[in-house]
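Trainee: File query30.txt follows (compact mmCIF, C-alpha atoms and all ligand atoms):
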```txt
# COMPACT_ATOMS: atom_id res chain seq x y z
CA MET I 9 -82.15 -12.36 -209.75
CA ASN I 10 -81.10 -8.75 -210.43
CA ASP I 11 -77.64 -7.47 -211.37
CA ASP I 12 -76.75 -6.70 -207.72
CA THR I 13 -77.15 -10.33 -206.71
CA ILE I 14 -75.78 -12.00 -209.84
CA ASN I 15 -73.45 -14.92 -209.23
CA PRO I 16 -69.83 -13.61 -209.54
CA HIS I 17 -68.86 -16.17 -212.21
CA ALA I 18 -71.99 -15.41 -214.21
CA ALA I 19 -71.15 -11.71 -213.86
CA GLU I 20 -67.67 -12.35 -215.26
CA LEU I 21 -69.11 -14.39 -218.13
CA ARG I 22 -71.88 -11.94 -219.05
CA PRO I 23 -69.91 -9.26 -220.99
CA ILE I 24 -67.66 -11.89 -222.60
CA LEU I 25 -70.67 -13.86 -223.81
CA GLU I 26 -72.47 -10.76 -225.01
CA ALA I 27 -69.41 -9.77 -227.10
CA ILE I 28 -69.13 -13.30 -228.54
CA MET I 29 -72.84 -13.34 -229.34
CA GLU I 30 -72.68 -10.00 -231.11
CA ARG I 31 -69.92 -11.21 -233.43
CA HIS I 32 -71.59 -14.59 -233.83
CA ARG I 33 -74.97 -13.13 -234.85
CA GLU I 34 -73.27 -10.81 -237.32
CA GLN I 35 -71.59 -13.75 -239.05
CA TRP I 36 -74.11 -16.56 -238.61
CA GLY I 37 -77.46 -15.02 -237.68
CA ASP I 38 -79.61 -17.67 -235.96
CA SER I 39 -78.14 -20.52 -237.99
CA THR I 40 -78.23 -23.94 -236.36
CA GLU I 41 -75.93 -25.44 -239.01
CA TRP I 42 -72.96 -27.37 -237.69
CA ASP I 43 -70.36 -24.82 -238.85
CA ALA I 44 -72.11 -22.04 -236.92
CA LEU I 45 -72.41 -24.16 -233.76
CA ALA I 46 -68.78 -25.34 -234.00
CA ASP I 47 -67.60 -21.77 -234.50
CA PHE I 48 -69.49 -20.65 -231.37
CA GLN I 49 -67.80 -23.40 -229.41
CA ARG I 50 -64.35 -22.31 -230.67
CA GLU I 51 -65.04 -18.73 -229.64
CA LEU I 52 -65.98 -19.89 -226.14
CA GLY I 53 -62.78 -21.93 -225.99
CA LYS I 54 -60.67 -18.96 -227.06
CA ALA I 55 -62.27 -16.84 -224.35
CA GLY I 56 -61.50 -19.51 -221.70
CA TRP I 57 -65.14 -20.60 -221.22
CA GLY I 58 -65.09 -23.90 -223.17
CA ALA I 59 -65.68 -25.99 -220.02
CA PRO I 60 -65.88 -23.78 -216.92
CA GLN I 61 -66.77 -26.81 -214.78
CA TRP I 62 -63.42 -28.50 -215.42
CA PRO I 63 -60.64 -28.18 -212.86
CA VAL I 64 -58.24 -25.28 -213.45
CA GLU I 65 -55.28 -27.68 -213.97
CA ILE I 66 -56.88 -29.05 -217.16
CA GLY I 67 -58.03 -25.74 -218.56
CA GLY I 68 -61.39 -25.18 -216.85
CA ARG I 69 -62.34 -22.58 -214.24
CA GLY I 70 -63.01 -25.06 -211.44
CA LEU I 71 -66.67 -24.10 -211.07
CA GLY I 72 -68.96 -26.21 -208.90
CA VAL I 73 -72.48 -27.21 -209.94
CA VAL I 74 -74.20 -24.10 -208.49
CA ASP I 75 -71.82 -21.71 -210.29
CA THR I 76 -72.02 -23.72 -213.52
CA LEU I 77 -75.83 -23.52 -213.41
CA ALA I 78 -75.65 -19.76 -212.86
CA CYS I 79 -73.43 -19.53 -215.97
CA ASP I 80 -75.83 -21.78 -217.90
CA ARG I 81 -78.56 -19.24 -217.19
CA GLU I 82 -76.39 -16.60 -218.88
CA PHE I 83 -76.27 -18.75 -222.02
CA ALA I 84 -80.07 -19.07 -221.89
CA ARG I 85 -80.46 -15.31 -221.27
CA VAL I 86 -78.70 -14.39 -224.52
CA ASP I 87 -80.35 -17.25 -226.39
CA ALA I 88 -76.93 -18.72 -227.18
CA PRO I 89 -76.57 -21.52 -229.74
CA ASN I 90 -76.44 -25.13 -228.50
CA ARG I 91 -73.02 -26.03 -227.17
CA VAL I 92 -72.21 -28.98 -229.41
CA ALA I 93 -69.04 -29.91 -227.55
CA VAL I 94 -71.05 -31.03 -224.49
CA PHE I 95 -70.64 -34.75 -225.18
CA GLY I 96 -66.90 -34.12 -224.93
CA THR I 97 -66.77 -31.45 -222.26
CA ASN I 98 -69.48 -32.91 -219.97
CA ASN I 99 -69.05 -36.65 -220.46
CA VAL I 100 -65.99 -37.91 -222.35
CA GLY I 101 -63.54 -35.23 -221.14
CA PRO I 102 -64.02 -35.88 -217.41
CA THR I 103 -63.71 -39.63 -218.14
CA ILE I 104 -60.39 -39.15 -219.97
CA ALA I 105 -59.23 -36.87 -217.14
CA ALA I 106 -60.02 -39.65 -214.64
CA PHE I 107 -58.74 -42.72 -216.52
CA GLY I 108 -56.55 -41.49 -219.40
CA THR I 109 -52.80 -41.69 -219.96
CA ASP I 110 -50.80 -38.45 -220.36
CA GLU I 111 -50.86 -39.03 -224.11
CA GLN I 112 -54.66 -39.34 -224.07
CA LYS I 113 -55.10 -36.25 -221.91
CA VAL I 114 -53.83 -34.19 -224.86
CA HIS I 115 -57.38 -34.53 -226.18
CA LEU I 116 -58.67 -32.40 -223.31
CA ALA I 117 -57.13 -29.17 -224.62
CA ALA I 118 -58.37 -29.97 -228.13
CA MET I 119 -61.93 -30.48 -226.79
CA LEU I 120 -61.76 -27.25 -224.89
CA ASN I 121 -60.68 -25.24 -227.93
CA GLY I 122 -63.22 -26.82 -230.24
CA ASP I 123 -60.48 -28.48 -232.31
CA GLU I 124 -61.98 -31.89 -231.51
CA PHE I 125 -65.65 -32.78 -231.12
CA TRP I 126 -66.39 -36.07 -229.37
CA CYS I 127 -69.34 -38.42 -229.63
CA GLN I 128 -70.29 -41.47 -227.58
CA GLY I 129 -70.54 -44.80 -229.41
CA PHE I 130 -72.44 -46.81 -226.80
CA SER I 131 -75.92 -47.97 -228.01
CA GLU I 132 -76.33 -50.74 -230.57
CA PRO I 133 -79.44 -51.82 -232.48
CA ASP I 134 -80.28 -54.51 -229.88
CA PHE I 135 -78.51 -53.06 -226.88
CA GLY I 136 -79.68 -49.66 -225.62
CA SER I 137 -81.15 -50.04 -222.14
CA ASP I 138 -79.30 -53.32 -221.81
CA LEU I 139 -76.03 -51.62 -222.74
CA ALA I 140 -73.85 -54.23 -221.03
CA GLY I 141 -74.98 -56.78 -223.63
CA LEU I 142 -73.23 -54.87 -226.44
CA ARG I 143 -71.77 -56.97 -229.24
CA THR I 144 -69.41 -54.70 -231.20
CA ARG I 145 -66.33 -56.78 -230.99
CA ALA I 146 -62.67 -55.77 -230.72
CA ASP I 147 -60.35 -58.71 -231.28
CA ILE I 148 -56.99 -58.24 -229.62
CA THR I 149 -54.07 -58.24 -232.08
CA GLU I 150 -50.32 -57.91 -231.51
CA ASP I 151 -50.36 -54.12 -231.51
CA GLY I 152 -53.99 -53.16 -230.99
CA PHE I 153 -57.57 -54.15 -231.80
CA LEU I 154 -59.59 -55.12 -234.84
CA VAL I 155 -63.12 -53.78 -234.48
CA ASN I 156 -66.27 -55.14 -236.16
CA GLY I 157 -69.88 -54.22 -235.40
CA GLN I 158 -72.38 -51.38 -235.36
CA LYS I 159 -73.48 -48.48 -233.17
CA VAL I 160 -76.69 -46.46 -233.44
CA TRP I 161 -78.18 -43.17 -232.19
CA THR I 162 -74.75 -41.56 -231.98
CA SER I 163 -75.47 -37.89 -231.22
CA ILE I 164 -73.44 -35.49 -233.43
CA GLY I 165 -72.04 -38.66 -235.01
CA MET I 166 -72.06 -37.15 -238.52
CA HIS I 167 -69.82 -34.26 -237.45
CA ALA I 168 -67.74 -35.53 -234.55
CA SER I 169 -64.00 -35.87 -235.03
CA HIS I 170 -63.56 -38.54 -232.30
CA CYS I 171 -65.57 -41.24 -230.58
CA MET I 172 -65.52 -42.83 -227.15
CA LEU I 173 -66.30 -46.35 -228.32
CA LEU I 174 -67.49 -49.28 -226.18
CA VAL I 175 -66.40 -52.67 -227.47
CA ARG I 176 -66.45 -56.26 -226.32
CA THR I 177 -62.90 -57.47 -225.84
CA ASP I 178 -63.69 -60.72 -224.02
CA PRO I 179 -66.71 -62.48 -225.53
CA ASP I 180 -66.43 -65.38 -223.06
CA ALA I 181 -66.57 -63.28 -219.89
CA PRO I 182 -69.84 -62.38 -218.10
CA LYS I 183 -71.36 -59.43 -219.97
CA HIS I 184 -70.29 -56.65 -217.58
CA THR I 185 -66.69 -57.78 -217.40
CA GLY I 186 -65.65 -58.23 -221.03
CA ILE I 187 -66.04 -54.62 -222.22
CA SER I 188 -63.31 -52.07 -223.00
CA VAL I 189 -63.26 -48.42 -224.05
CA LEU I 190 -61.39 -47.20 -227.13
CA LEU I 191 -60.71 -43.61 -228.13
CA VAL I 192 -61.14 -43.53 -231.90
CA PRO I 193 -60.67 -40.78 -234.52
CA MET I 194 -63.75 -40.81 -236.75
CA ASP I 195 -61.64 -40.85 -239.93
CA THR I 196 -60.13 -44.24 -239.06
CA PRO I 197 -60.25 -46.56 -242.11
CA GLY I 198 -62.99 -49.20 -241.66
CA LEU I 199 -65.44 -46.78 -239.99
CA THR I 200 -68.47 -45.66 -242.01
CA ARG I 201 -71.16 -43.29 -240.72
CA ARG I 202 -74.68 -42.76 -241.99
CA PRO I 203 -77.18 -40.10 -240.90
CA ILE I 204 -80.52 -41.02 -239.28
CA GLN I 205 -83.42 -38.89 -240.48
CA GLN I 206 -85.63 -37.89 -237.55
CA ILE I 207 -89.35 -37.15 -237.35
CA ASN I 208 -88.57 -33.44 -236.70
CA GLY I 209 -86.70 -33.20 -240.02
CA GLU I 210 -83.24 -33.03 -238.46
CA SER I 211 -80.45 -35.60 -238.58
CA GLU I 212 -78.51 -35.18 -235.35
CA PHE I 213 -77.72 -38.88 -235.03
CA ALA I 214 -75.52 -41.27 -236.97
CA GLU I 215 -75.28 -45.01 -237.31
CA LEU I 216 -71.66 -46.14 -237.17
CA PHE I 217 -70.43 -49.28 -238.94
CA PHE I 218 -67.06 -50.90 -238.26
CA GLU I 219 -65.49 -53.33 -240.68
CA ASP I 220 -62.05 -54.61 -239.68
CA MET I 221 -61.23 -51.21 -238.23
CA PHE I 222 -57.71 -51.28 -236.74
CA VAL I 223 -57.21 -49.27 -233.53
CA PRO I 224 -53.75 -49.11 -231.89
CA ALA I 225 -53.22 -50.35 -228.32
CA SER I 226 -52.55 -46.76 -227.21
CA ALA I 227 -56.26 -45.97 -227.82
CA LEU I 228 -57.39 -48.16 -224.91
CA LEU I 229 -58.86 -45.97 -222.14
CA GLY I 230 -58.26 -47.43 -218.68
CA PRO I 231 -57.59 -51.13 -218.07
CA LEU I 232 -58.49 -53.82 -220.61
CA HIS I 233 -61.92 -55.45 -219.98
CA GLU I 234 -62.82 -52.81 -217.36
CA GLY I 235 -64.85 -50.65 -219.67
CA TRP I 236 -68.09 -51.08 -217.71
CA ARG I 237 -66.62 -49.35 -214.64
CA ILE I 238 -65.38 -46.52 -216.87
CA THR I 239 -68.74 -46.24 -218.64
CA MET I 240 -70.55 -45.97 -215.31
CA ALA I 241 -68.32 -43.00 -214.48
CA THR I 242 -69.20 -41.39 -217.84
CA LEU I 243 -72.94 -41.94 -217.30
CA GLY I 244 -72.54 -40.45 -213.82
CA PHE I 245 -71.09 -37.26 -215.37
CA GLU I 246 -73.94 -37.29 -217.90
CA ARG I 247 -76.62 -37.55 -215.20
CA ALA I 248 -75.15 -34.58 -213.30
CA GLY I 249 -76.00 -32.49 -216.39
CA VAL I 250 -79.69 -33.29 -215.93
CA ILE I 251 -79.99 -30.80 -213.04
CA SER I 252 -78.98 -28.06 -215.45
CA ILE I 253 -81.42 -29.16 -218.16
CA ALA I 254 -84.22 -29.39 -215.58
CA GLY I 255 -83.44 -25.87 -214.35
CA LYS I 256 -83.74 -24.57 -217.90
CA LEU I 257 -87.14 -26.22 -218.39
CA ALA I 258 -88.41 -24.79 -215.09
CA ASN I 259 -87.34 -21.31 -216.25
CA ASP I 260 -88.98 -21.75 -219.66
CA ILE I 261 -92.24 -22.79 -218.00
CA LYS I 262 -92.14 -19.86 -215.59
CA GLU I 263 -91.58 -17.47 -218.50
CA LEU I 264 -94.47 -19.00 -220.42
CA THR I 265 -96.79 -18.84 -217.39
CA PHE I 266 -96.47 -15.08 -217.08
CA SER I 267 -96.50 -14.34 -220.82
CA PRO I 268 -99.25 -12.27 -222.52
CA GLU I 269 -99.87 -15.30 -224.74
CA VAL I 270 -101.15 -17.27 -221.75
CA ALA I 271 -103.07 -14.34 -220.28
CA GLY I 272 -105.15 -14.26 -223.48
CA ALA I 273 -105.60 -18.03 -223.75
CA SER I 274 -108.74 -20.05 -222.99
CA ALA I 275 -109.52 -21.09 -219.42
CA THR I 276 -108.68 -24.71 -220.30
CA VAL I 277 -105.20 -23.84 -221.55
CA ARG I 278 -104.57 -21.49 -218.61
CA GLN I 279 -105.51 -24.33 -216.28
CA GLN I 280 -102.98 -26.60 -218.06
CA VAL I 281 -100.29 -23.93 -217.75
CA MET I 282 -100.94 -23.55 -214.02
CA THR I 283 -100.51 -27.30 -213.53
CA LEU I 284 -97.28 -27.13 -215.52
CA TYR I 285 -96.15 -24.20 -213.40
CA SER I 286 -96.69 -26.00 -210.10
CA ASP I 287 -94.84 -29.06 -211.44
CA ALA I 288 -92.01 -26.79 -212.64
CA ARG I 289 -91.71 -25.37 -209.11
CA ILE I 290 -91.48 -28.91 -207.73
CA LEU I 291 -88.80 -29.73 -210.33
CA GLU I 292 -86.88 -26.63 -209.30
CA TRP I 293 -87.11 -27.61 -205.65
CA MET I 294 -85.86 -31.12 -206.49
CA GLY I 295 -82.87 -29.54 -208.25
CA GLU I 296 -82.12 -27.42 -205.17
CA ARG I 297 -82.32 -30.48 -202.90
CA ALA I 298 -80.02 -32.42 -205.25
CA LEU I 299 -77.51 -29.56 -205.25
CA ALA I 300 -77.58 -29.40 -201.47
CA ASN I 301 -76.61 -33.11 -201.35
CA ILE I 302 -74.32 -33.11 -204.38
CA ASN I 303 -71.35 -34.61 -202.48
CA ASP I 304 -73.31 -37.66 -201.34
CA VAL I 305 -72.82 -39.84 -204.44
CA ALA I 306 -75.64 -42.35 -203.71
CA ALA I 307 -78.17 -39.61 -202.88
CA ALA I 308 -77.08 -37.50 -205.88
CA SER I 309 -77.46 -40.46 -208.24
CA ALA I 310 -80.95 -41.34 -206.93
CA ALA I 311 -81.95 -37.67 -207.12
CA ALA I 312 -80.65 -37.44 -210.70
CA SER I 313 -82.90 -40.38 -211.73
CA LEU I 314 -85.92 -38.75 -210.08
CA ILE I 315 -85.16 -35.40 -211.72
CA LYS I 316 -84.57 -37.05 -215.12
CA GLN I 317 -87.90 -38.84 -214.83
CA THR I 318 -89.79 -35.69 -213.78
CA TRP I 319 -88.03 -33.44 -216.33
CA SER I 320 -88.65 -35.79 -219.25
CA THR I 321 -92.41 -36.18 -218.72
CA LEU I 322 -92.80 -32.48 -217.92
CA SER I 323 -90.90 -31.43 -221.06
CA LYS I 324 -93.33 -33.48 -223.17
CA ARG I 325 -96.34 -31.84 -221.49
CA TYR I 326 -94.75 -28.40 -221.92
CA ALA I 327 -94.33 -29.05 -225.65
CA GLU I 328 -97.98 -30.17 -225.88
CA VAL I 329 -99.24 -27.03 -224.12
CA ARG I 330 -97.15 -24.85 -226.44
CA CYS I 331 -98.91 -26.52 -229.38
CA ASP I 332 -102.29 -26.01 -227.70
CA LEU I 333 -101.44 -22.32 -227.37
CA ALA I 334 -100.46 -22.12 -231.03
CA GLY I 335 -103.76 -23.82 -231.95
CA LEU I 336 -104.31 -24.69 -235.59
CA ASP I 337 -101.11 -22.85 -236.55
CA ALA I 338 -99.15 -25.70 -235.01
CA ILE I 339 -100.80 -28.18 -237.36
CA ALA I 340 -100.67 -25.88 -240.40
CA GLY I 341 -96.89 -25.41 -240.03
CA LEU I 342 -97.30 -21.75 -239.11
CA ALA I 343 -95.79 -22.19 -235.65
CA PRO I 344 -92.72 -24.29 -236.51
CA GLU I 345 -91.07 -23.83 -233.11
CA ALA I 346 -94.09 -25.28 -231.31
CA SER I 347 -94.60 -28.19 -233.72
CA ARG I 348 -90.87 -29.01 -233.95
CA GLY I 349 -90.68 -28.77 -230.15
CA LEU I 350 -93.51 -31.30 -229.84
CA LEU I 351 -91.76 -33.81 -232.12
CA THR I 352 -88.36 -33.27 -230.51
CA SER I 353 -89.76 -33.63 -226.98
CA ARG I 354 -90.71 -37.28 -227.68
CA ALA I 355 -87.02 -38.22 -227.30
CA SER I 356 -86.77 -36.90 -223.75
CA THR I 357 -88.21 -40.06 -222.16
CA ILE I 358 -85.69 -42.20 -224.09
CA ALA I 359 -82.37 -40.33 -224.07
CA GLY I 360 -80.02 -40.96 -221.16
CA GLY I 361 -82.16 -43.84 -219.84
CA THR I 362 -85.81 -44.52 -220.69
CA THR I 363 -88.69 -43.84 -218.31
CA GLU I 364 -89.03 -47.55 -217.52
CA VAL I 365 -85.33 -47.88 -216.77
CA MET I 366 -85.45 -44.78 -214.57
CA LYS I 367 -88.39 -46.33 -212.70
CA ASN I 368 -86.38 -49.51 -212.19
CA ILE I 369 -83.52 -47.46 -210.74
CA LEU I 370 -85.88 -45.50 -208.50
CA GLY I 371 -87.55 -48.70 -207.31
CA GLU I 372 -84.25 -50.35 -206.50
CA ARG I 373 -82.29 -47.41 -205.09
CA ASN I 374 -84.95 -45.19 -203.53
CA LEU I 375 -87.57 -47.71 -202.48
CA GLY I 376 -85.27 -50.67 -201.80
CA LEU I 377 -87.20 -53.05 -204.07
CA PRO I 378 -85.42 -56.24 -205.23
CA ARG I 379 -82.93 -55.70 -208.09
CA GLU I 380 -83.76 -56.79 -211.64
CA PRO I 381 -82.03 -60.07 -212.49
CA ARG I 382 -78.91 -59.28 -214.62
C1 LIG Y 1 -81.94 -37.73 -227.94
C2 LIG Y 1 -81.15 -39.01 -227.83
C3 LIG Y 1 -79.76 -38.96 -227.85
C4 LIG Y 1 -79.02 -40.15 -227.79
N1 LIG Y 1 -77.65 -40.07 -227.89
C5 LIG Y 1 -76.92 -41.21 -227.85
C6 LIG Y 1 -75.49 -41.15 -228.00
O1 LIG Y 1 -74.90 -40.09 -228.21
N2 LIG Y 1 -74.80 -42.32 -227.98
C7 LIG Y 1 -75.41 -43.52 -227.79
O2 LIG Y 1 -74.71 -44.51 -227.73
N3 LIG Y 1 -76.76 -43.61 -227.66
C8 LIG Y 1 -77.53 -42.48 -227.69
N4 LIG Y 1 -78.90 -42.55 -227.59
C9 LIG Y 1 -79.54 -43.87 -227.48
C10 LIG Y 1 -80.13 -44.12 -226.10
O3 LIG Y 1 -79.11 -44.32 -225.15
C11 LIG Y 1 -81.05 -45.34 -226.22
O4 LIG Y 1 -82.09 -45.00 -227.12
C12 LIG Y 1 -81.66 -45.71 -224.88
O5 LIG Y 1 -80.67 -46.22 -224.03
C13 LIG Y 1 -82.77 -46.77 -225.04
O6 LIG Y 1 -82.31 -47.85 -225.78
P1 LIG Y 1 -83.11 -48.40 -227.05
O7 LIG Y 1 -83.44 -47.25 -227.93
O8 LIG Y 1 -82.32 -49.52 -227.61
O9 LIG Y 1 -84.48 -48.94 -226.47
P2 LIG Y 1 -84.70 -50.38 -225.73
O10 LIG Y 1 -83.66 -50.56 -224.68
O11 LIG Y 1 -84.80 -51.42 -226.79
O12 LIG Y 1 -86.09 -50.14 -225.06
C14 LIG Y 1 -87.34 -50.37 -225.74
C15 LIG Y 1 -88.46 -50.25 -224.71
O13 LIG Y 1 -88.32 -51.28 -223.71
C16 LIG Y 1 -88.26 -50.70 -222.41
N5 LIG Y 1 -87.30 -51.44 -221.56
C17 LIG Y 1 -86.05 -51.80 -221.90
N6 LIG Y 1 -85.46 -52.44 -220.86
C18 LIG Y 1 -86.36 -52.44 -219.85
C19 LIG Y 1 -86.33 -52.94 -218.51
N7 LIG Y 1 -85.24 -53.55 -218.02
N8 LIG Y 1 -87.43 -52.79 -217.75
C20 LIG Y 1 -88.55 -52.15 -218.24
N9 LIG Y 1 -88.64 -51.67 -219.51
C21 LIG Y 1 -87.55 -51.81 -220.30
C22 LIG Y 1 -87.74 -49.28 -222.63
O14 LIG Y 1 -88.12 -48.42 -221.58
C23 LIG Y 1 -88.43 -48.92 -223.95
O15 LIG Y 1 -89.73 -48.48 -223.73
C24 LIG Y 1 -79.67 -41.41 -227.66
C25 LIG Y 1 -81.07 -41.45 -227.65
C26 LIG Y 1 -81.81 -40.28 -227.75
C27 LIG Y 1 -83.30 -40.37 -227.76
```
Starting from the file, lay out its structure as structure tokens.
Ligand SMILES: Cc1cc2nc3c(=O)[nH]c(=O)nc-3n(C[C@H](O)[C@H](O)[C@H](O)COP(=O)(O)OP(=O)(O)OC[C@H]3O[C@@H](n4cnc5c(N)ncnc54)[C@H](O)[C@@H]3O)c2cc1C

Mentor:
Amino acid sequence: MNDDTINPHAAELRPILEAIMERHREQWGDSTEWDALADFQRELGKAGWGAPQWPVEIGGRGLGVVDTLACDREFARVDAPNRVAVFGTNNVGPTIAAFGTDEQKVHLAAMLNGDEFWCQGFSEPDFGSDLAGLRTRADITEDGFLVNGQKVWTSIGMHASHCMLLVRTDPDAPKHTGISVLLVPMDTPGLTRRPIQQINGESEFAELFFEDMFVPASALLGPLHEGWRITMATLGFERAGVISIAGKLANDIKELTFSPEVAGASATVRQQVMTLYSDARILEWMGERALANINDVAAASAAASLIKQTWSTLSKRYAEVRCDLAGLDAIAGLAPEASRGLLTSRASTIAGGTTEVMKNILGERNLGLPREPR
């Protein structure tokens, strides 16, 4: 797309983002440290671009999916830092907007400005795919809840200021009906967090431990015991984001395909890149189809599972080909981006629903196969 045909929202964002990036690079360089990423998010908030996809009434710009994707491409174009507020702005924020009290909706402005960073305390050591089985327990007291249990794999959990926490409030009810959602500041007494060291050397996840953590009744999001319905809404918002991630991968693969690096590679590697390229085009086409049907909730949800499944396996193959291109340098630590990319890519078929779970969803919803017993 050239400048004459640029999406109008992307065109509005472009000079603002370039100015932010210039200041950001001057102060932080290419740092991926939390303080640098949080500062970038605050700058976006100040400029009014913290969550352009949110409705105007709650501080967003009311952009639809197509316009948001066009803006995402601007972030990719300037090689912008990761937007670490996404768990709040993409997932938790829309959930609070849909189910929260007026008092709780105050968090939305704080998320937008980068004053609050939210994480999602869902998975537990024995309950990831089978999330509805979760055991972290919140006993109901006179004025709130007493929470005991553990969460794991909490993205940005070591830095987040707040957590959307799933707890079991009725241990005697069938598993999907005894869950509630609490909005919890991460400095609440009784909450301890520990980093998880990953294979790629980073520690983007935390384990959270709760020991008699008191949470006031005002922290309950939506009705008591109806947390599963609320969580499904959150996961729905999360899945919508997959179209954007898939679009980015397709662009990365296209760029790689036409790079001088590939032109000079062996016939075997060029063959691998061509296969990647044709799969990237299919992924792009799937994204376009999903966007065209975005208002049909059932079709959009089935498409999101198919895209997630295709994106995740393709992103692993892309990382492998990048290592093949780097050759021995990837093993010798001389091509850290390629080798780190390979290690990081392993998580793509787990995060946001594993490959097997996605296949179950596709079998049930797209092919009409019998549902898994619950
Ligand atoms: C990058 C990343 C970010 C994450 N961020 C967060 C976060 O912010 N907050 C949070 O709460 N969690 C987060 N998670 C955790 C993630 O949600 C879980 O890892 C995921 O749901 C899988 O759960 P599990 O790890 O317990 O694996 P399990 O559910 O134990 O699965 C183990 C294996 O069994 C298979 N399996 C399980 N059930 C079935 C089934 N019914 N049919 C067929 N096969 C099955 C799985 O596919 C997998 O291969 C994150 C994970 C990753 C990788």

Trainee: So which residues touch Asp87 of chain I within 12 Å, counting all atoms listed in the file, skipping near sequence neighbours fewer than 4 positions away, as a short mmCIF file (atom, residue, chain, number, x, y, z; two decimals) with C-alpha atoms, in the coordinates of the input?

Mentor:
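Result file follows (around.cif):
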```cif
data_model
loop_
_atom_site.label_atom_id
_atom_site.label_comp_id
_atom_site.auth_asym_id
_atom_site.auth_seq_id
_atom_site.Cartn_x
_atom_site.Cartn_y
_atom_site.Cartn_z
CA LEU I 25 -70.67 -13.86 -223.81
CA GLU I 26 -72.47 -10.76 -225.01
CA MET I 29 -72.84 -13.34 -229.34
CA GLU I 30 -72.68 -10.00 -231.11
CA HIS I 32 -71.59 -14.59 -233.83
CA ARG I 33 -74.97 -13.13 -234.85
CA GLY I 37 -77.46 -15.02 -237.68
CA ASP I 38 -79.61 -17.67 -235.96
CA ASP I 80 -75.83 -21.78 -217.90
CA ARG I 81 -78.56 -19.24 -217.19
CA GLU I 82 -76.39 -16.60 -218.88
CA PHE I 83 -76.27 -18.75 -222.02
CA ARG I 91 -73.02 -26.03 -227.17
CA LYS I 256 -83.74 -24.57 -217.90
CA ASP I 260 -88.98 -21.75 -219.66
#
```

Trainee: Could you pull the residues within 10 Å of segment 207-223 of chain I, counting all atoms listed in the file, minus those fewer than 4 positions along the same chain, as JSON, numbers by chain?

Mentor: {"I": [42, 127, 129, 131, 132, 133, 144, 145, 146, 147, 148, 149, 151, 152, 153, 154, 155, 156, 157, 158, 159, 160, 161, 162, 163, 164, 165, 166, 167, 168, 190, 191, 192, 193, 194, 196, 197, 198, 199, 200, 201, 202, 203, 227, 228, 347, 348, 349, 350, 351, 352, 353, 354]}

Trainee: For Ile253 of chain I, list every protein, DNA or RNA residue within 12 Å, evaluated using only C-alpha atoms, and leave out those in the same chain fewer than 2 positions away; present the list as an MDAnalysis selection string.

Mentor: chainID I and resid 76:77 80:81 84 246:251 255:260 291:292 295 312 315:316 318:320 322:323 356

Trainee: Please find the residues contacting ligand LIG 1 (chain Y) at a distance of at most 6 Å between atoms, with all atoms listed in the file counted, and report them as a PyMOL selection string.

Mentor: chain I and resi 127-131+134-138+161-163+355+358-365

Trainee: For the point (-53.0, -41.5, -221.9) in file coordinates, what residues are within 12 Å, counting only C-alpha atoms? Give the answer as a list in words?

Mentor: Thr103, Ile104, Ala105, Ala106, Phe107, Gly108, Thr109, Asp110, Glu111, Gln112, Lys113, Val114, His115, Leu116, Leu190, Leu191, Ala225, Ser226, Ala227, Leu228, Leu229, Gly230 and Pro231 of chain I

Trainee: What is the atom CA of Ala46 of chain I-atom CA of Asn121 of chain I distance in Å, reported with one decimal?

Mentor: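 Atom CA of Asn121 of chain I lies 10.1 Å from atom CA of Ala46 of chain I.
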
Trainee: Within 8 Å of segment 368-370 of chain I, counting all atoms listed in the file, which residues show up once you throw out same-chain ones fewer than 2 positions away? Write them as a VMD selection string, please.

Mentor: chain I and resid 310 313 to 314 364 to 366 372 to 375 380

Trainee: What is the atom CA of Gln61 of chain I-atom CA of Val73 of chain I distance in Å, reported with one decimal?

Mentor: 7.5 Å

Trainee: Atom CA of His233 of chain I and atom CA of Asp178 of chain I are how many Å apart?

Mentor: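 Going from atom CA of His233 of chain I over to atom CA of Asp178 of chain I, I get 6.9 Å.
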
Trainee: Between I:Gln49, I:Glu65, I:Glu269, I:Ala117, which residue has the minimum interatomic distance to Val94 of chain I, considering all atoms listed in the file?

Mentor: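 Closest to Val94 of chain I, using all atoms listed in the file: I:Gln49.
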
Trainee: So, with all atoms listed in the file as the atoms that count, which of I:Ala334, I:Ala55, I:Ile261, I:Leu139 lies closest to Glu20 of chain I?

Mentor: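 Smallest separation from Glu20 of chain I among the options: I:Ala55.
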
Trainee: Compare I:Arg237, I:Ile24, I:Pro16, I:Glu34 by their minimum atom-to-atom distance to Gly56 of chain I, counting all atoms listed in the file, and give me the closest one.

Mentor: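 Closest to Gly56 of chain I of all the choices is I:Ile24.
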
Trainee: Just the residues within 10 Å of Cys331 of chain I, please, counting all atoms listed in the file, with nothing from its chain fewer than 2 positions along; format it as a PyMOL selection string.

Mentor: chain I and resi 325-329+333-339+343-350

Trainee: With only C-alpha atoms as the atoms that count, which of I:Ser309, I:Ser286, I:Asn301, I:Thr239 lies nearest to Lys262 of chain I?

Mentor: I:Ser286

Trainee: Which one is closest to Pro89 of chain I: I:Ser39, I:Thr321, I:Pro60, I:Asp304? Count all atoms listed in the file.

Mentor: I:Ser39
